[in-house]
Amino acid sequence: MAVDVEEFIDQLNRENEEYFSTLPETDTVYWTGRMEGLAAAEALKPRWFNEIRGVDIIGRFIGRVPDLSLKALVGRQVGDEAKHARHCRRRIEALGGSVIDYRPSEEQLRFGDLLDEMAYPEEFFAAQQLTVETQSLKRNEKALSRFDPETAEMFEKHINPDERFHARLGHIGLEVFARTTAAQDRARRACEVIREAHVAMVRAHSNTMMAAGYLNA
């Protein structure tokens with residue numbers, strides 16, 4: 001039997017928090033220590049890729065959202081992702097890096113593919129906006145103290161405010177679409193799947209950074 005939708009959303013948030021709180025920071029954050037220069041540029045590259053790929057993935061998701069008001073809100077997020085990608089690329093280049101040579105890991109590609117394969121709106125809102133974006137709020141706050149002042153300013157001015165809206169969008173979407181037992185089951189499973197995929201993606205990046213000598217083992 002379906003539970004009250006607000007109670008259900010609270011449950012998902014608690015389950016997500018319980019999951020991520022048990023993990024070491026190296027499994028949840030691209031930048032676990034102070035990042036400067038080329039190390040900072042390398043740490044920003046997966047973020048750039050996720051933002052630019054998000055334009056396509058979230059853009060396609062609009063076609064799976066029947067509610068016109070929500071379509072418009074998701075469209076706003078697409079624009080935000082494009083803006084974030086532009087800012088990240090500019091900062092990477094200012095730090096002496098380049099996105100031209102960036103090659104995403106298999107885990108990073110799989111992360112995006114999972115979102116692209118979610119056929120039901122409640123799955124995507126639960127996985128992308130409620131789970132990933134809510135956690136991004138916490139990760140991005142750490143960026144303010146772990147990057148050089150100019151990179152921190154980029155996050156503070158151009159990225160972090162938008163993430164609050166994206167996380168709220170997950171709540172709004174689930175209020176509309178997660179009202180039946182079947183829909184709630186799909187949403188919960190989507191959270192579980194994307195959490196695991198996110199950890200795999202971050203671990204892969206950490207291994208790459210260590211191999212390149214940017215992180216200590």
# chains A, B, ... in the order shown; residues from 1 in each chain; ligands from 1

$ select_by_dssp --residues "chain A" --states "alpha helix (DSSP H)" --output "PyMOL selection string"
chain A and resi 5-21+37-61+68-94+106-116+121-124+134-146+149-154+160-177+181-211

$ atom_distance --atom1 "atom CA of Pro161 of chain A" --atom2 "atom CA of Ala94 of chain A"
22.5 Å

$ closest_atom_pairs --of "segment 20-55 of chain A" --to "segment 209-216 of chain A" --cutoff "8 Å" --atoms "only C-alpha atoms" --output "JSON lines"
{"residue": "A:Ala39", "atom": "CA", "partner": "A:Tyr214", "partner_atom": "CA", "distance": 5.7}
{"residue": "A:Glu42", "atom": "CA", "partner": "A:Met209", "partner_atom": "CA", "distance": 7.7}
{"residue": "A:Ala43", "atom": "CA", "partner": "A:Met209", "partner_atom": "CA", "distance": 7.9}

$ residues_around --residues "segment 49-52 of chain A" --least-positions-apart "2" --cutoff "8 Å" --atoms "only C-alpha atoms" --output "PyMOL selection string"
chain A and resi 45-47+54-56+81-82+84-85+104+112

$ atom_distance --atom1 "atom CA of Ala119 of chain A" --atom2 "atom CA of Phe8 of chain A"
20.2 Å

$ residues_around --residues "segment 140-148 of chain A" --least-positions-apart "5" --cutoff "9 Å" --atoms "only C-alpha atoms" --output "tab-separated table (two decimals) with N, CA and C atoms, in the first residue's frame"
chain	number	residue	atom	x	y	z
A	29	VAL	N	33.10	12.26	-2.83
A	29	VAL	CA	33.52	13.61	-3.24
A	29	VAL	C	34.71	13.51	-4.18
A	31	TRP	N	36.84	15.88	-4.62
A	31	TRP	CA	37.96	16.62	-4.04
A	31	TRP	C	37.94	16.45	-2.52
A	32	THR	N	38.75	15.54	-2.02
A	32	THR	CA	38.76	15.25	-0.58
A	32	THR	C	39.78	16.10	0.17
A	33	GLY	N	40.64	16.78	-0.55
A	33	GLY	CA	41.63	17.65	0.09
A	33	GLY	C	41.78	18.93	-0.69
A	34	ARG	N	42.74	19.74	-0.30
A	34	ARG	CA	42.99	21.01	-0.95
A	34	ARG	C	43.45	20.78	-2.39
A	35	MET	N	42.84	21.48	-3.34
A	35	MET	CA	43.15	21.32	-4.75
A	35	MET	C	43.58	22.66	-5.34
A	36	GLU	N	44.72	22.65	-6.02
A	36	GLU	CA	45.20	23.86	-6.67
A	36	GLU	C	45.83	23.50	-8.01
A	37	GLY	N	45.95	24.48	-8.89
A	37	GLY	CA	46.65	24.29	-10.15
A	37	GLY	C	46.09	23.16	-10.98
A	40	ALA	N	43.61	20.81	-9.36
A	40	ALA	CA	42.25	21.35	-9.33
A	40	ALA	C	41.59	21.21	-10.69
A	135	GLN	N	22.70	15.51	-2.71
A	135	GLN	CA	24.06	15.25	-2.25
A	135	GLN	C	25.04	16.28	-2.80
A	153	GLU	N	34.83	30.77	-5.79
A	153	GLU	CA	33.86	31.81	-6.17
A	153	GLU	C	32.95	31.31	-7.29
A	155	PHE	N	31.91	28.25	-7.77
A	155	PHE	CA	30.88	27.41	-7.16
A	155	PHE	C	29.86	28.26	-6.39
A	156	GLU	N	30.35	29.20	-5.63
A	156	GLU	CA	29.47	29.99	-4.77
A	156	GLU	C	28.49	30.85	-5.57
A	159	ILE	N	27.11	28.03	-9.39
A	159	ILE	CA	26.68	26.64	-9.36
A	159	ILE	C	25.80	26.33	-8.15
A	160	ASN	N	26.31	26.60	-6.97
A	160	ASN	CA	25.59	26.18	-5.76
A	160	ASN	C	24.16	26.69	-5.66
A	163	GLU	N	21.83	24.42	-7.62
A	163	GLU	CA	21.67	23.07	-7.11
A	163	GLU	C	20.53	22.99	-6.09

$ atom_distance --atom1 "atom CA of Phe165 of chain A" --atom2 "atom CA of Ala190 of chain A"
20.4 Å

$ residues_around --residues "segment 166-183 of chain A" --least-positions-apart "6" --cutoff "8 Å" --atoms "only C-alpha atoms" --output "number ranges by chain"
A: 1-6, 9, 70, 73-74, 77, 121-122, 125-126, 128-131, 133-134

$ residues_around --residues "Tyr19 of chain A" --least-positions-apart "2" --cutoff "12 Å" --atoms "only C-alpha atoms" --output "VMD selection string"
chain A and resid 12 to 17 21 to 24 27 to 28 131 135 191 to 196 198 to 199

$ write_last_selection --atoms "N, CA and C atoms" --output "PDB file, in the first residue's frame"
ATOM      1  N   LEU A  12      12.814   8.505   1.588  1.00  0.00           N
ATOM      2  CA  LEU A  12      13.896   8.441   0.602  1.00  0.00           C
ATOM      3  C   LEU A  12      15.073   9.311   1.021  1.00  0.00           C
ATOM      4  N   ASN A  13      14.803  10.501   1.503  1.00  0.00           N
ATOM      5  CA  ASN A  13      15.883  11.373   1.956  1.00  0.00           C
ATOM      6  C   ASN A  13      16.661  10.753   3.106  1.00  0.00           C
ATOM      7  N   ARG A  14      15.948  10.125   4.029  1.00  0.00           N
ATOM      8  CA  ARG A  14      16.620   9.478   5.158  1.00  0.00           C
ATOM      9  C   ARG A  14      17.467   8.298   4.679  1.00  0.00           C
ATOM     10  N   GLU A  15      16.911   7.505   3.781  1.00  0.00           N
ATOM     11  CA  GLU A  15      17.654   6.349   3.269  1.00  0.00           C
ATOM     12  C   GLU A  15      18.913   6.785   2.519  1.00  0.00           C
ATOM     13  N   ASN A  16      18.790   7.848   1.729  1.00  0.00           N
ATOM     14  CA  ASN A  16      19.962   8.367   1.038  1.00  0.00           C
ATOM     15  C   ASN A  16      21.018   8.848   2.022  1.00  0.00           C
ATOM     16  N   GLU A  17      20.572   9.581   3.027  1.00  0.00           N
ATOM     17  CA  GLU A  17      21.516  10.119   4.006  1.00  0.00           C
ATOM     18  C   GLU A  17      22.204   9.000   4.781  1.00  0.00           C
ATOM     19  N   SER A  21      26.227   8.532   4.520  1.00  0.00           N
ATOM     20  CA  SER A  21      26.927   8.842   5.769  1.00  0.00           C
ATOM     21  C   SER A  21      27.809   7.698   6.248  1.00  0.00           C
ATOM     22  N   THR A  22      27.601   6.501   5.749  1.00  0.00           N
ATOM     23  CA  THR A  22      28.423   5.357   6.164  1.00  0.00           C
ATOM     24  C   THR A  22      29.693   5.218   5.335  1.00  0.00           C
ATOM     25  N   LEU A  23      29.822   6.014   4.269  1.00  0.00           N
ATOM     26  CA  LEU A  23      30.936   5.864   3.338  1.00  0.00           C
ATOM     27  C   LEU A  23      32.078   6.834   3.658  1.00  0.00           C
ATOM     28  N   PRO A  24      33.312   6.459   3.333  1.00  0.00           N
ATOM     29  CA  PRO A  24      34.417   7.414   3.465  1.00  0.00           C
ATOM     30  C   PRO A  24      34.255   8.534   2.448  1.00  0.00           C
ATOM     31  N   ASP A  27      34.703   8.166  -1.312  1.00  0.00           N
ATOM     32  CA  ASP A  27      33.676   7.505  -2.116  1.00  0.00           C
ATOM     33  C   ASP A  27      32.538   8.437  -2.515  1.00  0.00           C
ATOM     34  N   THR A  28      32.563   9.653  -2.029  1.00  0.00           N
ATOM     35  CA  THR A  28      31.429  10.544  -2.276  1.00  0.00           C
ATOM     36  C   THR A  28      31.809  11.893  -2.875  1.00  0.00           C
ATOM     37  N   THR A 131      18.201  12.547  -5.235  1.00  0.00           N
ATOM     38  CA  THR A 131      19.395  11.903  -4.694  1.00  0.00           C
ATOM     39  C   THR A 131      20.670  12.630  -5.088  1.00  0.00           C
ATOM     40  N   GLN A 135      22.701  15.513  -2.708  1.00  0.00           N
ATOM     41  CA  GLN A 135      24.057  15.251  -2.249  1.00  0.00           C
ATOM     42  C   GLN A 135      25.043  16.275  -2.804  1.00  0.00           C
ATOM     43  N   CYS A 191      16.678   5.249  -6.572  1.00  0.00           N
ATOM     44  CA  CYS A 191      17.614   5.841  -5.611  1.00  0.00           C
ATOM     45  C   CYS A 191      18.741   4.865  -5.296  1.00  0.00           C
ATOM     46  N   GLU A 192      18.384   3.623  -5.044  1.00  0.00           N
ATOM     47  CA  GLU A 192      19.383   2.612  -4.700  1.00  0.00           C
ATOM     48  C   GLU A 192      20.386   2.422  -5.832  1.00  0.00           C
ATOM     49  N   VAL A 193      19.873   2.323  -7.043  1.00  0.00           N
ATOM     50  CA  VAL A 193      20.738   2.081  -8.200  1.00  0.00           C
ATOM     51  C   VAL A 193      21.683   3.254  -8.438  1.00  0.00           C
ATOM     52  N   ILE A 194      21.168   4.475  -8.370  1.00  0.00           N
ATOM     53  CA  ILE A 194      22.009   5.629  -8.678  1.00  0.00           C
ATOM     54  C   ILE A 194      23.017   5.888  -7.572  1.00  0.00           C
ATOM     55  N   ARG A 195      22.679   5.575  -6.325  1.00  0.00           N
ATOM     56  CA  ARG A 195      23.651   5.724  -5.241  1.00  0.00           C
ATOM     57  C   ARG A 195      24.871   4.851  -5.504  1.00  0.00           C
ATOM     58  N   GLU A 196      24.623   3.603  -5.841  1.00  0.00           N
ATOM     59  CA  GLU A 196      25.718   2.676  -6.087  1.00  0.00           C
ATOM     60  C   GLU A 196      26.530   3.101  -7.303  1.00  0.00           C
ATOM     61  N   HIS A 198      26.890   6.120  -8.431  1.00  0.00           N
ATOM     62  CA  HIS A 198      27.645   7.331  -8.106  1.00  0.00           C
ATOM     63  C   HIS A 198      28.926   6.990  -7.362  1.00  0.00           C
ATOM     64  N   VAL A 199      28.838   6.090  -6.410  1.00  0.00           N
ATOM     65  CA  VAL A 199      30.028   5.692  -5.658  1.00  0.00           C
ATOM     66  C   VAL A 199      31.056   5.049  -6.587  1.00  0.00           C
TER      67      VAL A 199
END

$ residues_around --residues "Gly96 of chain A" --least-positions-apart "4" --cutoff "9 Å" --atoms "only C-alpha atoms" --output "ChimeraX atom specification"
/A:37-38,41,91-92

$ write_last_selection --atoms "C-alpha atoms" --output "compact mmCIF listing (two decimals), in the first residue's frame"
# COMPACT_ATOMS: atom_id res chain seq x y z
CA GLY A 37 46.65 24.29 -10.15
CA LEU A 38 46.59 21.26 -12.41
CA ALA A 41 41.80 21.30 -13.09
CA ARG A 91 38.00 27.46 -14.88
CA ILE A 92 39.77 24.28 -15.99
